[in-house]
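Before any comments, here is the structure.
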Amino acid sequence: MNIEQFRRAGYEAIDWICEYHSTLQDRPVTARVEPGYLRRALPSEAPQIGDNFGSIVQDYEKYIIPGLTHWHHPSFFAYFPIGSTLEAVLGDLYASSAPNPGFNWSASPACTELEAVVMDWAAKMLGLDSNFYNSDNVGGGVIQTTASDSALVAVVAARSRYTKQCPGVSPEKLLIYTTTQTHSLGKKAGLVLGLNVRGLEVTVQDNFALRGDMLRRALEEDRAAGLHPFILIGTVGTTSSGAVDRLGELGLVLEDHPFIWLHVDAAWAGVAMVCPEYRDICLLGDINKYGDSFCTNFHKWGLVNFDCSGFWVRDKASLVDALDVTPEFLRTKHGDAGTVIDYRNWHVGLGRKFRSLKLWFVLRSFGVEGFQQYIRETVKLGNMFASLIRESTEFALVTPPSLALTLFRLEPRLASPITLAGLNELNRAFYARLSARSDIAFTQTDLNGMFCIRMVVGASRTSEDHVRRAYEIICLEGKAALEEWQCTTGAIQ
């Protein structure tokens with residue numbers, strides 16, 4: 001493809017993307033294909049002679065689009081919707097037009113310097129302490145791929161710091177602390193690094209948040225058993241329920257154990273701290289006081305397309321010391337002098353994408369006020385849905401709403417009380433009906449044996465009409481599920 005051919009194809013691609021976004025809400029939310037559909041549709045080998053680009057685009061529309069679930073669809077309320085914007089799409093386009101690996105400053109100075117700048121912008125926007133700024137030259141921020149990668153490098157840094165302070169500890173004695181509601185990233189880090197993980201129990205009475213007393217008891221038990229907990233992964237906004245671990249209580253306990261690292265995973269909820277009114281909910285003061293590292297994903301609630309995970313560390317030396325591998329061919333004058341950031345030492349891989357460009361595009365296009373308006377609108381819509389659930393006689397909230405996340409279940413008022421097992425059975429049938437639809441998406445979860453359904457507002461084009469339509473759908477499917485369940489069980493309403 002020459003430049004003029006690319007120009008024509010590029011115009012057509014932009015037109016297609018515009019049409020796709022303008023018709024998004026009329027498309028199915030979820031893919032309705034069977035496993036293996038694409039292997040059956042495509043040739044078993046690459047073509048010997050290159051295809052015409054126009055036919056490739058046609059096949060993209062014919063074969064690929066039907067297999068996509070649209071996470072930015074206004075009726076996508078599952079997992080955590082991606083609040084992607086067209087500004088981010090353009091940022092990705094510009095970034096990919098000048099391919100470079102960006103592993104150190106010399107590889108492309110703009111890549112490193114822009115990342116350092118926008119991570120400071122983001123830190124200030126979220127209210128993080130200046131210890132987390134790159135300009136502070138002690139801590140700093142970096143863009144990782146996902147929160148799982150952020151947690152992994154936090155564990156690597158924490159292990160390195162702990163074993164230097166407490167030499168001679170065998171790896172099998174090291175212990176990662178998570179909770180029973182922590183994202184799977186904690187277990188995955190343990191699996192990758194060959195380390196033991198203990199999930200500390202959280203309860204419904206504490207809204208599934210980890211408390212200081214539980215941490216203190218666990219530390220006493222494990223130290224008595226000869227184990228060495230070296231990192232605690234606390235969460236602000238758990239995946240299942242949006243729970244917020246009591247970071248203040250945890251930090252006070254950890255003051256007696258200064259070599260234990262506190263990583264705060266706020267992959268979803270952290271972006272809400274752009275709004276001053278949500279900073280207390282997200283425990284910003286405790287993050288700034290006790291956190292050794294902090295993560296939030298701009299590709300969830302931050303108007304940026306996947307992937308763009310913000311990770312900040314209070315002491316970058318702990319991170320760099322753990323990950324620095326510098327063979328002769330990677331040495332540079334500026335790197336040896338320590339006058340630049342070499343981001344290859346801030347994550348597991350060597351090469352890295354120019355992710356900071358799309359974040360820069362979005363931050364400049366929306367500004368802080370634009371971010372705040374978007375967050376406030378999605379929280380308002382989430383609260384509206386929660387109010388509809390509260391007013392219902394058929395549904396009930398499972399936990400208090402957390403920002404834009406609502407947990408609910410079908411809980412009809414019957415003549416005879418329903419057991420927890422019966423309610424779980426009913427709600428599994430209810431969710432099966434919801435998940436069979438292609439015009440809306442929710443996700444299920446289990447909270448200490450209680451099956452329930454999650455509803456999260458986050459897509460940038462979701463409106464009040466979409467939320468009201470979602471409520472109409474759950475009423476429709478809830479009624480049908482209840483009738484079927486009553487016929488099966490003989491329950492009387």
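In the structure tokens, chains take letters A, B, ... by order of appearance, with residues numbered from 1 within each chain and ligands from 1 in the order shown.
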Q. Skipping near chain neighbours, those fewer than 6 positions away, what residues fall within 9 Å of Val156 (chain A) using only C-alpha atoms, listed as a VMD selection string?
A. chain A and resid 189 193 319 322 to 323
Go ahead and dump the residues you just picked, N, CA, C and O atoms, as an mmCIF file, in the first residue's frame.
data_model
loop_
_atom_site.group_PDB
_atom_site.id
_atom_site.type_symbol
_atom_site.label_atom_id
_atom_site.label_comp_id
_atom_site.auth_asym_id
_atom_site.auth_seq_id
_atom_site.Cartn_x
_atom_site.Cartn_y
_atom_site.Cartn_z
ATOM 1 N N ALA A 189 -0.612 -13.072 40.571
ATOM 2 C CA ALA A 189 0.757 -12.668 40.897
ATOM 3 C C ALA A 189 1.471 -13.767 41.668
ATOM 4 O O ALA A 189 2.644 -14.076 41.414
ATOM 5 N N LEU A 193 4.797 -15.800 40.278
ATOM 6 C CA LEU A 193 6.054 -15.669 41.028
ATOM 7 C C LEU A 193 6.355 -16.861 41.925
ATOM 8 O O LEU A 193 7.404 -16.901 42.573
ATOM 9 N N LEU A 319 11.176 -0.140 42.997
ATOM 10 C CA LEU A 319 10.679 -0.749 41.762
ATOM 11 C C LEU A 319 11.822 -0.979 40.777
ATOM 12 O O LEU A 319 11.985 -2.072 40.225
ATOM 13 N N ALA A 322 14.354 -3.674 41.653
ATOM 14 C CA ALA A 322 13.836 -5.033 41.489
ATOM 15 C C ALA A 322 13.788 -5.469 40.036
ATOM 16 O O ALA A 322 13.848 -6.673 39.758
ATOM 17 N N LEU A 323 13.697 -4.517 39.103
ATOM 18 C CA LEU A 323 13.444 -4.865 37.706
ATOM 19 C C LEU A 323 14.539 -4.419 36.741
ATOM 20 O O LEU A 323 14.434 -4.650 35.538
#
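Those residues that approach His334 (chain A) to within 12 Å, counting only C-alpha atoms, are Asn104, Trp105, Ser106, Ala107, Pro109, Val340, Ile341 and Asp342 of chain A; same-chain residues fewer than 6 positions away are not listed.
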N, CA, C and O atoms of the current selection, written as an mmCIF file, in the first residue's frame:
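Dumped to selection-v1.cif:
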data_model
loop_
_atom_site.group_PDB
_atom_site.id
_atom_site.type_symbol
_atom_site.label_atom_id
_atom_site.label_comp_id
_atom_site.auth_asym_id
_atom_site.auth_seq_id
_atom_site.Cartn_x
_atom_site.Cartn_y
_atom_site.Cartn_z
ATOM 1 N N ASN A 104 13.423 2.928 26.415
ATOM 2 C CA ASN A 104 14.163 3.893 27.232
ATOM 3 C C ASN A 104 14.067 5.277 26.587
ATOM 4 O O ASN A 104 13.477 5.439 25.521
ATOM 5 N N TRP A 105 14.642 6.248 27.248
ATOM 6 C CA TRP A 105 14.517 7.626 26.772
ATOM 7 C C TRP A 105 15.098 7.770 25.374
ATOM 8 O O TRP A 105 14.485 8.412 24.501
ATOM 9 N N SER A 106 16.238 7.162 25.106
ATOM 10 C CA SER A 106 16.895 7.314 23.813
ATOM 11 C C SER A 106 16.095 6.680 22.678
ATOM 12 O O SER A 106 16.216 7.099 21.532
ATOM 13 N N ALA A 107 15.293 5.660 22.985
ATOM 14 C CA ALA A 107 14.521 4.987 21.939
ATOM 15 C C ALA A 107 13.543 5.942 21.267
ATOM 16 O O ALA A 107 13.268 5.821 20.076
ATOM 17 N N PRO A 109 12.622 9.944 22.822
ATOM 18 C CA PRO A 109 12.490 10.809 23.997
ATOM 19 C C PRO A 109 11.069 11.275 24.271
ATOM 20 O O PRO A 109 10.655 11.359 25.438
ATOM 21 N N VAL A 340 17.450 10.648 33.184
ATOM 22 C CA VAL A 340 16.195 10.357 32.480
ATOM 23 C C VAL A 340 15.547 9.131 33.105
ATOM 24 O O VAL A 340 16.186 8.358 33.827
ATOM 25 N N ILE A 341 14.256 8.940 32.806
ATOM 26 C CA ILE A 341 13.548 7.731 33.201
ATOM 27 C C ILE A 341 13.704 6.698 32.092
ATOM 28 O O ILE A 341 13.490 6.995 30.918
ATOM 29 N N ASP A 342 14.089 5.489 32.464
ATOM 30 C CA ASP A 342 14.071 4.366 31.532
ATOM 31 C C ASP A 342 12.919 3.453 31.955
ATOM 32 O O ASP A 342 13.066 2.622 32.866
#
Q: Can you pull out every residue within 8 Å of Gly302 (chain A), counting only C-alpha atoms, but drop anything in the same chain fewer than 5 positions away, and send it as a PyMOL selection string?
A: chain A and resi 83-84+271+297+371
List the neighbours of region 65-76 of chain A out to 7 Å using only C-alpha atoms; skip same-chain residues closer than 5 positions along the sequence, and give me the result as a PDB file with all heavy atoms, in the first residue's frame.
ATOM      1  N   LEU A  24     -24.109   2.508  17.118  1.00  0.00           N
ATOM      2  CA  LEU A  24     -23.736   1.551  18.151  1.00  0.00           C
ATOM      3  C   LEU A  24     -24.925   1.094  18.982  1.00  0.00           C
ATOM      4  O   LEU A  24     -25.101  -0.100  19.241  1.00  0.00           O
ATOM      5  CB  LEU A  24     -22.663   2.159  19.056  1.00  0.00           C
ATOM      6  CG  LEU A  24     -22.111   1.253  20.163  1.00  0.00           C
ATOM      7  CD1 LEU A  24     -21.446   0.019  19.573  1.00  0.00           C
ATOM      8  CD2 LEU A  24     -21.124   2.026  21.037  1.00  0.00           C
ATOM      9  N   GLN A  25     -25.768   2.027  19.402  1.00  0.00           N
ATOM     10  CA  GLN A  25     -26.859   1.638  20.292  1.00  0.00           C
ATOM     11  C   GLN A  25     -27.912   0.786  19.593  1.00  0.00           C
ATOM     12  O   GLN A  25     -28.742   0.149  20.256  1.00  0.00           O
ATOM     13  CB  GLN A  25     -27.506   2.864  20.919  1.00  0.00           C
ATOM     14  CG  GLN A  25     -28.371   3.695  20.012  1.00  0.00           C
ATOM     15  CD  GLN A  25     -29.144   4.745  20.808  1.00  0.00           C
ATOM     16  OE1 GLN A  25     -28.956   4.915  22.017  1.00  0.00           O
ATOM     17  NE2 GLN A  25     -30.030   5.445  20.139  1.00  0.00           N
ATOM     18  N   VAL A  29     -25.583  -5.850  21.909  1.00  0.00           N
ATOM     19  CA  VAL A  29     -24.541  -5.553  22.889  1.00  0.00           C
ATOM     20  C   VAL A  29     -23.496  -6.668  22.904  1.00  0.00           C
ATOM     21  O   VAL A  29     -22.294  -6.414  22.905  1.00  0.00           O
ATOM     22  CB  VAL A  29     -25.147  -5.385  24.288  1.00  0.00           C
ATOM     23  CG1 VAL A  29     -24.052  -5.102  25.324  1.00  0.00           C
ATOM     24  CG2 VAL A  29     -26.180  -4.264  24.300  1.00  0.00           C
ATOM     25  N   THR A  30     -23.968  -7.899  22.907  1.00  0.00           N
ATOM     26  CA  THR A  30     -23.077  -9.046  23.041  1.00  0.00           C
ATOM     27  C   THR A  30     -23.012  -9.844  21.748  1.00  0.00           C
ATOM     28  O   THR A  30     -23.953  -9.854  20.955  1.00  0.00           O
ATOM     29  CB  THR A  30     -23.547  -9.972  24.176  1.00  0.00           C
ATOM     30  OG1 THR A  30     -24.901 -10.381  23.933  1.00  0.00           O
ATOM     31  CG2 THR A  30     -23.485  -9.247  25.507  1.00  0.00           C
ATOM     32  N   ALA A  31     -21.890 -10.514  21.559  1.00  0.00           N
ATOM     33  CA  ALA A  31     -21.720 -11.369  20.382  1.00  0.00           C
ATOM     34  C   ALA A  31     -22.623 -12.596  20.513  1.00  0.00           C
ATOM     35  O   ALA A  31     -22.774 -13.156  21.600  1.00  0.00           O
ATOM     36  CB  ALA A  31     -20.263 -11.802  20.256  1.00  0.00           C
ATOM     37  N   ARG A  32     -23.199 -13.008  19.418  1.00  0.00           N
ATOM     38  CA  ARG A  32     -24.049 -14.192  19.393  1.00  0.00           C
ATOM     39  C   ARG A  32     -23.488 -15.181  18.379  1.00  0.00           C
ATOM     40  O   ARG A  32     -24.058 -15.416  17.328  1.00  0.00           O
ATOM     41  CB  ARG A  32     -25.501 -13.812  19.078  1.00  0.00           C
ATOM     42  CG  ARG A  32     -26.237 -13.218  20.265  1.00  0.00           C
ATOM     43  CD  ARG A  32     -26.391 -14.265  21.370  1.00  0.00           C
ATOM     44  NE  ARG A  32     -27.077 -13.767  22.563  1.00  0.00           N
ATOM     45  CZ  ARG A  32     -26.463 -13.396  23.659  1.00  0.00           C
ATOM     46  NH1 ARG A  32     -25.148 -13.397  23.706  1.00  0.00           N
ATOM     47  NH2 ARG A  32     -27.146 -13.005  24.720  1.00  0.00           N
ATOM     48  N   VAL A  33     -22.339 -15.728  18.722  1.00  0.00           N
ATOM     49  CA  VAL A  33     -21.674 -16.713  17.870  1.00  0.00           C
ATOM     50  C   VAL A  33     -21.319 -17.919  18.724  1.00  0.00           C
ATOM     51  O   VAL A  33     -21.281 -17.833  19.959  1.00  0.00           O
ATOM     52  CB  VAL A  33     -20.409 -16.132  17.204  1.00  0.00           C
ATOM     53  CG1 VAL A  33     -20.759 -14.990  16.260  1.00  0.00           C
ATOM     54  CG2 VAL A  33     -19.406 -15.656  18.254  1.00  0.00           C
ATOM     55  N   TYR A  60     -13.806  -8.103   7.404  1.00  0.00           N
ATOM     56  CA  TYR A  60     -13.845  -7.599   8.782  1.00  0.00           C
ATOM     57  C   TYR A  60     -15.293  -7.370   9.198  1.00  0.00           C
ATOM     58  O   TYR A  60     -15.721  -7.776  10.292  1.00  0.00           O
ATOM     59  CB  TYR A  60     -13.041  -6.301   8.887  1.00  0.00           C
ATOM     60  CG  TYR A  60     -13.192  -5.579  10.205  1.00  0.00           C
ATOM     61  CD1 TYR A  60     -12.565  -6.046  11.354  1.00  0.00           C
ATOM     62  CD2 TYR A  60     -13.970  -4.424  10.307  1.00  0.00           C
ATOM     63  CE1 TYR A  60     -12.702  -5.392  12.564  1.00  0.00           C
ATOM     64  CE2 TYR A  60     -14.117  -3.767  11.512  1.00  0.00           C
ATOM     65  CZ  TYR A  60     -13.476  -4.251  12.644  1.00  0.00           C
ATOM     66  OH  TYR A  60     -13.630  -3.600  13.846  1.00  0.00           O
ATOM     67  N   PRO A  81     -17.825  -1.327  32.351  1.00  0.00           N
ATOM     68  CA  PRO A  81     -17.843  -0.864  30.956  1.00  0.00           C
ATOM     69  C   PRO A  81     -16.620   0.002  30.640  1.00  0.00           C
ATOM     70  O   PRO A  81     -16.042   0.638  31.523  1.00  0.00           O
ATOM     71  CB  PRO A  81     -19.132  -0.033  30.882  1.00  0.00           C
ATOM     72  CG  PRO A  81     -19.987  -0.548  31.992  1.00  0.00           C
ATOM     73  CD  PRO A  81     -19.038  -0.935  33.086  1.00  0.00           C
ATOM     74  N   ILE A  82     -16.247   0.011  29.384  1.00  0.00           N
ATOM     75  CA  ILE A  82     -15.122   0.837  28.936  1.00  0.00           C
ATOM     76  C   ILE A  82     -15.680   2.163  28.434  1.00  0.00           C
ATOM     77  O   ILE A  82     -16.421   2.211  27.458  1.00  0.00           O
ATOM     78  CB  ILE A  82     -14.326   0.125  27.830  1.00  0.00           C
ATOM     79  CG1 ILE A  82     -13.636  -1.117  28.421  1.00  0.00           C
ATOM     80  CG2 ILE A  82     -13.288   1.067  27.221  1.00  0.00           C
ATOM     81  CD1 ILE A  82     -12.824  -1.912  27.438  1.00  0.00           C
ATOM     82  N   GLY A  83     -15.330   3.233  29.137  1.00  0.00           N
ATOM     83  CA  GLY A  83     -15.829   4.554  28.771  1.00  0.00           C
ATOM     84  C   GLY A  83     -14.991   5.192  27.679  1.00  0.00           C
ATOM     85  O   GLY A  83     -14.587   6.355  27.796  1.00  0.00           O
ATOM     86  N   SER A  84     -14.710   4.448  26.636  1.00  0.00           N
ATOM     87  CA  SER A  84     -13.818   4.933  25.582  1.00  0.00           C
ATOM     88  C   SER A  84     -14.428   6.110  24.828  1.00  0.00           C
ATOM     89  O   SER A  84     -15.651   6.257  24.756  1.00  0.00           O
ATOM     90  CB  SER A  84     -13.512   3.798  24.600  1.00  0.00           C
ATOM     91  OG  SER A  84     -12.641   4.227  23.585  1.00  0.00           O
ATOM     92  N   ILE A 440     -28.624  -6.327  25.949  1.00  0.00           N
ATOM     93  CA  ILE A 440     -28.196  -5.766  27.228  1.00  0.00           C
ATOM     94  C   ILE A 440     -27.208  -6.730  27.861  1.00  0.00           C
ATOM     95  O   ILE A 440     -27.188  -7.917  27.514  1.00  0.00           O
ATOM     96  CB  ILE A 440     -29.411  -5.525  28.168  1.00  0.00           C
ATOM     97  CG1 ILE A 440     -29.079  -4.496  29.249  1.00  0.00           C
ATOM     98  CG2 ILE A 440     -29.923  -6.840  28.771  1.00  0.00           C
ATOM     99  CD1 ILE A 440     -30.314  -3.921  29.924  1.00  0.00           C
ATOM    100  N   ALA A 441     -26.369  -6.238  28.771  1.00  0.00           N
ATOM    101  CA  ALA A 441     -25.383  -7.115  29.413  1.00  0.00           C
ATOM    102  C   ALA A 441     -25.218  -6.751  30.873  1.00  0.00           C
ATOM    103  O   ALA A 441     -25.018  -5.577  31.220  1.00  0.00           O
ATOM    104  CB  ALA A 441     -24.038  -7.029  28.700  1.00  0.00           C
ATOM    105  N   ALA A 459     -20.295   3.437  30.367  1.00  0.00           N
ATOM    106  CA  ALA A 459     -20.121   3.827  28.972  1.00  0.00           C
ATOM    107  C   ALA A 459     -20.445   5.304  28.803  1.00  0.00           C
ATOM    108  O   ALA A 459     -21.415   5.815  29.384  1.00  0.00           O
ATOM    109  CB  ALA A 459     -21.002   2.983  28.063  1.00  0.00           C
ATOM    110  N   ARG A 461     -21.743   6.986  26.532  1.00  0.00           N
ATOM    111  CA  ARG A 461     -22.993   7.370  25.849  1.00  0.00           C
ATOM    112  C   ARG A 461     -24.244   6.830  26.538  1.00  0.00           C
ATOM    113  O   ARG A 461     -25.344   6.964  26.006  1.00  0.00           O
ATOM    114  CB  ARG A 461     -22.942   6.886  24.405  1.00  0.00           C
ATOM    115  CG  ARG A 461     -21.815   7.533  23.606  1.00  0.00           C
ATOM    116  CD  ARG A 461     -21.911   7.252  22.138  1.00  0.00           C
ATOM    117  NE  ARG A 461     -20.793   7.855  21.416  1.00  0.00           N
ATOM    118  CZ  ARG A 461     -20.709   7.935  20.095  1.00  0.00           C
ATOM    119  NH1 ARG A 461     -21.685   7.444  19.352  1.00  0.00           N
ATOM    120  NH2 ARG A 461     -19.667   8.496  19.518  1.00  0.00           N
ATOM    121  N   THR A 462     -24.087   6.232  27.700  1.00  0.00           N
ATOM    122  CA  THR A 462     -25.260   5.762  28.430  1.00  0.00           C
ATOM    123  C   THR A 462     -26.067   6.956  28.944  1.00  0.00           C
ATOM    124  O   THR A 462     -25.511   7.900  29.502  1.00  0.00           O
ATOM    125  CB  THR A 462     -24.833   4.874  29.616  1.00  0.00           C
ATOM    126  OG1 THR A 462     -24.156   3.721  29.106  1.00  0.00           O
ATOM    127  CG2 THR A 462     -26.039   4.427  30.417  1.00  0.00           C
ATOM    128  N   HIS A 466     -31.423   4.683  28.649  1.00  0.00           N
ATOM    129  CA  HIS A 466     -30.837   3.346  28.650  1.00  0.00           C
ATOM    130  C   HIS A 466     -30.982   2.682  30.020  1.00  0.00           C
ATOM    131  O   HIS A 466     -31.233   1.476  30.106  1.00  0.00           O
ATOM    132  CB  HIS A 466     -29.355   3.418  28.275  1.00  0.00           C
ATOM    133  CG  HIS A 466     -29.113   3.922  26.883  1.00  0.00           C
ATOM    134  ND1 HIS A 466     -28.554   5.156  26.633  1.00  0.00           N
ATOM    135  CD2 HIS A 466     -29.378   3.373  25.672  1.00  0.00           C
ATOM    136  CE1 HIS A 466     -28.479   5.338  25.330  1.00  0.00           C
ATOM    137  NE2 HIS A 466     -28.967   4.281  24.723  1.00  0.00           N
TER     138      HIS A 466
END
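Comparing the minimum interatomic distances between Asp245 (chain A) and each of A:Phe354, A:Phe208, A:Tyr177, A:Tyr20, counting only C-alpha atoms, we find that A:Phe208 sits nearest.
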Q. Excluding same-chain residues fewer than 3 positions from Ile143 (chain A), what lies within 7 Å of it counting only C-alpha atoms, as a ChimeraX atom specification?
A. /A:308-311
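Distances from A:Glu472, A:Gly50, A:Glu61, A:Ala88 to Leu363 (chain A) were compared using only C-alpha atoms, and the smallest one belongs to A:Ala88.
Shortest atom-to-atom contact with Val236 (chain A) among A:Ala224, A:Ile3, A:Leu93, A:Leu210: A:Leu210, counting only C-alpha atoms.
Residues in contact with Phe103 (chain A) at 9 Å, where only C-alpha atoms are counted and same-chain residues fewer than 2 positions away are skipped, are listed as A:Asn100, A:Pro101, A:Trp105, A:Ser106, A:Ala107, A:Ser108, A:Thr112, A:Asp342, A:Tyr343, A:Arg344, A:Asn345, A:Gly349, A:Leu350, A:Gly351, A:Arg352, A:Lys353.
Each of A:Thr179, A:Gln486, A:Ser160, A:Gln372 was checked against Glu277 (chain A) using only C-alpha atoms; the smallest atom-to-atom distance is that of A:Gln372.
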(Q) If DSSP is run on the backbone, what residues of region 349-432 of chain A are helix (DSSP H, G or I)? A reply as an MDAnalysis selection string would be ideal. (A) chainID A and resid 356:391 420:432
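When only C-alpha atoms are used to measure the gap to Leu254 (chain A), the shortest distance among A:Ile281, A:Leu303, A:Ala218, A:Ala157 belongs to A:Ala218.
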Q: Go through region 249-444 of chain A and collect every residue that DSSP, computed from the backbone, puts in strand (DSSP E); the answer should be as a list in words.
A: Trp261, Leu262, His263, Val264, Asp265, Ser293, Phe294, Cys295, Thr296, Asn297, Ser309, Gly310, Phe311, Trp312, Val313, Phe395, Ala396, Leu397, Leu405, Thr406, Leu407, Phe408, Arg409, Leu410, Thr443 and Gln444 of chain A
Could you write out that same residue set with C-alpha atoms as a compact mmCIF listing (two decimals), in the first residue's frame?
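Final output, saved to selection19.txt:
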# COMPACT_ATOMS: atom_id res chain seq x y z
CA TRP A 261 4.20 -3.05 51.31
CA LEU A 262 0.67 -1.68 50.89
CA HIS A 263 -0.51 -1.73 47.28
CA VAL A 264 -3.87 -0.06 46.66
CA ASP A 265 -5.79 -1.50 43.74
CA SER A 293 1.79 2.03 45.36
CA PHE A 294 -1.54 2.84 43.73
CA CYS A 295 -3.27 1.78 40.55
CA THR A 296 -6.31 2.90 38.60
CA ASN A 297 -7.36 1.99 35.05
CA SER A 309 -3.49 1.31 33.55
CA GLY A 310 -2.04 4.07 35.70
CA PHE A 311 0.44 2.86 38.33
CA TRP A 312 2.19 5.10 40.85
CA VAL A 313 4.86 4.20 43.37
CA PHE A 395 -36.09 -6.70 43.80
CA ALA A 396 -33.71 -5.82 46.62
CA LEU A 397 -30.30 -4.25 46.97
CA LEU A 405 -22.17 0.05 40.79
CA THR A 406 -25.36 -1.57 42.08
CA LEU A 407 -25.75 -5.14 43.36
CA PHE A 408 -29.28 -6.47 43.33
CA ARG A 409 -31.27 -9.66 43.21
CA LEU A 410 -34.80 -10.86 42.67
CA THR A 443 -22.71 -9.89 35.18
CA GLN A 444 -23.24 -12.23 38.09
Q: Choose the residue, out of A:Val304, A:Ser392, A:Ala110, A:Thr180, that has the smallest atom-to-atom separation from Val204 (chain A); count only C-alpha atoms.
A: A:Thr180
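Note that CA of Ala147 (chain A) and CA of Ile176 (chain A) are 16.3 Å apart.
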Q: Name all residues at most 12 Å from Glu464 (chain A) (count only C-alpha atoms; drop same-chain ones fewer than 3 positions away) and give them as a list of chain:residue names.
A: A:Pro74, A:Ser75, A:Glu377, A:Thr378, A:Val379, A:Lys380, A:Leu381, A:Gly382, A:Asn383, A:Met384, A:Phe385, A:Val457, A:Arg461, A:Val467, A:Arg468, A:Arg469, A:Ala470, A:Tyr471
Export, as a short mmCIF file (atom, residue, chain, number, x, y, z; two decimals), in the first residue's frame, the selected residues with N, CA, C and O atoms.
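The resulting file, part_5.cif, is shown below:
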data_model
loop_
_atom_site.label_atom_id
_atom_site.label_comp_id
_atom_site.auth_asym_id
_atom_site.auth_seq_id
_atom_site.Cartn_x
_atom_site.Cartn_y
_atom_site.Cartn_z
N PRO A 74 -23.97 1.68 25.05
CA PRO A 74 -24.69 2.34 26.16
C PRO A 74 -25.53 1.41 27.01
O PRO A 74 -25.93 1.78 28.11
N SER A 75 -25.79 0.18 26.53
CA SER A 75 -26.54 -0.80 27.33
C SER A 75 -25.65 -1.92 27.84
O SER A 75 -26.14 -2.98 28.21
N GLU A 377 -22.08 12.20 36.06
CA GLU A 377 -23.25 11.75 35.31
C GLU A 377 -23.44 10.25 35.45
O GLU A 377 -24.57 9.77 35.65
N THR A 378 -22.36 9.47 35.37
CA THR A 378 -22.51 8.03 35.49
C THR A 378 -22.91 7.63 36.91
O THR A 378 -23.71 6.71 37.10
N VAL A 379 -22.38 8.31 37.92
CA VAL A 379 -22.80 8.03 39.30
C VAL A 379 -24.27 8.38 39.48
O VAL A 379 -25.02 7.64 40.13
N LYS A 380 -24.70 9.49 38.90
CA LYS A 380 -26.12 9.88 38.99
C LYS A 380 -27.01 8.82 38.37
O LYS A 380 -28.05 8.44 38.94
N LEU A 381 -26.61 8.29 37.22
CA LEU A 381 -27.40 7.25 36.57
C LEU A 381 -27.39 5.97 37.39
O LEU A 381 -28.41 5.27 37.48
N GLY A 382 -26.25 5.65 38.00
CA GLY A 382 -26.20 4.48 38.87
C GLY A 382 -27.13 4.63 40.07
O GLY A 382 -27.82 3.68 40.46
N ASN A 383 -27.15 5.81 40.65
CA ASN A 383 -28.05 6.06 41.78
C ASN A 383 -29.51 6.00 41.36
O ASN A 383 -30.37 5.56 42.14
N MET A 384 -29.78 6.43 40.15
CA MET A 384 -31.15 6.35 39.65
C MET A 384 -31.61 4.90 39.56
O MET A 384 -32.72 4.54 39.97
N PHE A 385 -30.73 4.04 39.05
CA PHE A 385 -31.07 2.62 38.97
C PHE A 385 -31.26 2.04 40.36
O PHE A 385 -32.22 1.28 40.61
N VAL A 457 -22.82 1.41 35.57
CA VAL A 457 -22.91 2.44 34.53
C VAL A 457 -21.50 2.97 34.28
O VAL A 457 -20.78 3.31 35.22
N ARG A 461 -21.74 6.99 26.53
CA ARG A 461 -22.99 7.37 25.85
C ARG A 461 -24.24 6.83 26.54
O ARG A 461 -25.34 6.96 26.01
N VAL A 467 -30.85 3.47 31.09
CA VAL A 467 -30.98 2.91 32.43
C VAL A 467 -32.43 2.51 32.70
O VAL A 467 -32.69 1.44 33.27
N ARG A 468 -33.36 3.34 32.29
CA ARG A 468 -34.78 2.99 32.48
C ARG A 468 -35.15 1.75 31.67
O ARG A 468 -35.92 0.90 32.12
N ARG A 469 -34.61 1.66 30.47
CA ARG A 469 -34.86 0.48 29.65
C ARG A 469 -34.27 -0.76 30.32
O ARG A 469 -34.88 -1.85 30.29
N ALA A 470 -33.11 -0.63 30.95
CA ALA A 470 -32.51 -1.75 31.66
C ALA A 470 -33.42 -2.22 32.79
O ALA A 470 -33.61 -3.43 33.00
N TYR A 471 -34.02 -1.26 33.50
CA TYR A 471 -34.92 -1.63 34.58
C TYR A 471 -36.17 -2.33 34.04
O TYR A 471 -36.65 -3.31 34.63
#
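Distance-wise, CA of Asp256 (chain A) and CA of Leu219 (chain A) end up 10.6 Å apart.
Going from CA of Arg161 (chain A) to CA of Asp222 (chain A) covers 19.4 Å.
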